[in-house]
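Chemist: This is the structure, below, for whatever I ask next.
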Amino acid sequence: MNQQKKLTILALLAVLVVCIAVVAGAAVMMLQGDKPSSSTPADTNLPIGDDIVDAIDLTPAVADRLSVQNGSAHTLTLSHAVTATLNASTGTLSEDYEVITFEGMGATAEWIMDMSNPVPENGEDPILLAITEIHRENCETLAYRVYVNGELTYFRTYQQIASAPNQYYIFLDRAKLGNLSKVAIKIESESKTVFSIASVVAYTDLFGSVEREGMDTDLTLYLHSAASLDKAKGHIEDFAGHEYDLYKLGLLFKLDYMNVPTDTAVGKLAEYLAPLLED
């Protein structure tokens, strides 16, 4: 799996949400690049919404997890930082999180993590640290450094815009970590902004788990077009010669249906799709 594809998978993991929009006056029709198979019935029992998260199990990829609750087991040491309970409330979300709160410039948290197991089939796969921040709705910019075994590995800066959790990933080269059973992590604040971290998870076989869970699939890149065959073909031709190995090409177009007889709408759709399917 190439690096670009791995980054795309991480983006998918950060947001596993299904949105269905209904727009009065227009229907959005999606034409996949592959022709549907008439011999394969549609699966009407696919997970929807939160069920998707429940249906995906990535815990076998987790080597270790730091949280406030298990800090002592990781020899967690704090300086100008405290453990606290922080509520995040945005939209329908309202949840209390146990967090490590960094109280300004120079505040630090240090701990030890065991990243020795599980061992991936591909020994060159990176280890990933998934850091979950709990943001405040104050529009202040946080900034901190992440050290791994004493070496500066990542500089993080982000403007908080909502009271909600936010997760990101850091790639670690396992070959440079030495003793994987005892990896030292340190976070040091580089600003006066108060910020909080709920957890740090070490994934040592994330990409293997992604493949086993059937999530290692290509994304479909939908090219937008008005209801015009010439414009549709033009969009596809524009991509000719480009290398987009992450994507399957698809077509996104709009078909007006309001106040149009069903037979007329179906006829227009068939007229539009038939030449594309032939191509």
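Identifiers in this document derive from the order of the structure tokens: chains are assigned A, B, ..., residues are numbered from 1 separately in each chain, and ligands are numbered from 1 in order of occurrence.
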Show me, as a ChimeraX atom specification, the residues that have an atom within 10 Å of stretch 69-76 of chain A when counting only C-alpha atoms, minus same-chain residues fewer than 2 positions from it.

Modeler: /A:64-67,78,83,98-100,109-114,182,184-186,199

Chemist: Using N, CA and C atoms, can you export the residues from the last selection as a compact mmCIF listing (two decimals), in the first residue's frame?

Modeler:
# COMPACT_ATOMS: atom_id res chain seq x y z
N ASP A 64 -0.70 0.05 22.28
CA ASP A 64 -0.77 0.68 23.60
C ASP A 64 -1.62 1.93 23.52
N ARG A 65 -2.13 2.34 24.67
CA ARG A 65 -3.00 3.52 24.72
C ARG A 65 -2.78 4.25 26.03
N LEU A 66 -2.45 5.52 25.92
CA LEU A 66 -2.31 6.37 27.10
C LEU A 66 -3.60 7.15 27.32
N SER A 67 -4.08 7.14 28.55
CA SER A 67 -5.22 7.97 28.93
C SER A 67 -5.01 8.41 30.37
N LEU A 78 3.81 14.89 34.78
CA LEU A 78 3.30 16.17 34.32
C LEU A 78 4.05 17.33 34.96
N THR A 83 -4.52 16.79 35.27
CA THR A 83 -5.60 15.96 34.74
C THR A 83 -6.93 16.59 35.16
N GLU A 98 -11.99 12.74 30.10
CA GLU A 98 -10.88 12.84 31.04
C GLU A 98 -9.64 13.25 30.24
N VAL A 99 -9.03 14.36 30.60
CA VAL A 99 -7.98 14.93 29.76
C VAL A 99 -6.75 15.31 30.57
N ILE A 100 -5.66 15.46 29.83
CA ILE A 100 -4.46 16.12 30.36
C ILE A 100 -4.49 17.53 29.81
N ALA A 109 4.11 16.83 29.34
CA ALA A 109 3.66 15.51 29.77
C ALA A 109 4.62 14.50 29.16
N GLU A 110 5.10 13.56 29.98
CA GLU A 110 6.02 12.54 29.51
C GLU A 110 5.53 11.18 29.97
N TRP A 111 5.70 10.17 29.11
CA TRP A 111 5.28 8.82 29.47
C TRP A 111 5.99 7.80 28.59
N ILE A 112 5.81 6.51 28.92
CA ILE A 112 6.42 5.40 28.20
C ILE A 112 5.32 4.56 27.55
N MET A 113 5.56 4.13 26.31
CA MET A 113 4.60 3.28 25.61
C MET A 113 5.27 2.02 25.09
N ASP A 114 4.51 0.93 25.07
CA ASP A 114 4.98 -0.35 24.54
C ASP A 114 4.44 -0.51 23.12
N LYS A 182 9.71 -0.04 24.93
CA LYS A 182 9.90 1.08 25.86
C LYS A 182 10.22 2.34 25.06
N ALA A 184 9.76 6.35 24.66
CA ALA A 184 9.48 7.54 25.47
C ALA A 184 8.82 8.62 24.62
N ILE A 185 7.68 9.12 25.10
CA ILE A 185 6.94 10.19 24.41
C ILE A 185 6.88 11.42 25.32
N LYS A 186 7.05 12.57 24.70
CA LYS A 186 6.95 13.82 25.46
C LYS A 186 6.22 14.87 24.62
N SER A 199 -6.32 11.30 24.75
CA SER A 199 -5.66 10.00 24.62
C SER A 199 -4.59 10.04 23.54

Chemist: Which residue, A:Met115, A:Leu152, A:Leu93, A:Ala162, has the smallest gap to A:Cys139 when you use only C-alpha atoms?

Modeler: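 Among the listed residues, the smallest separation from A:Cys139 belongs to A:Ala162.
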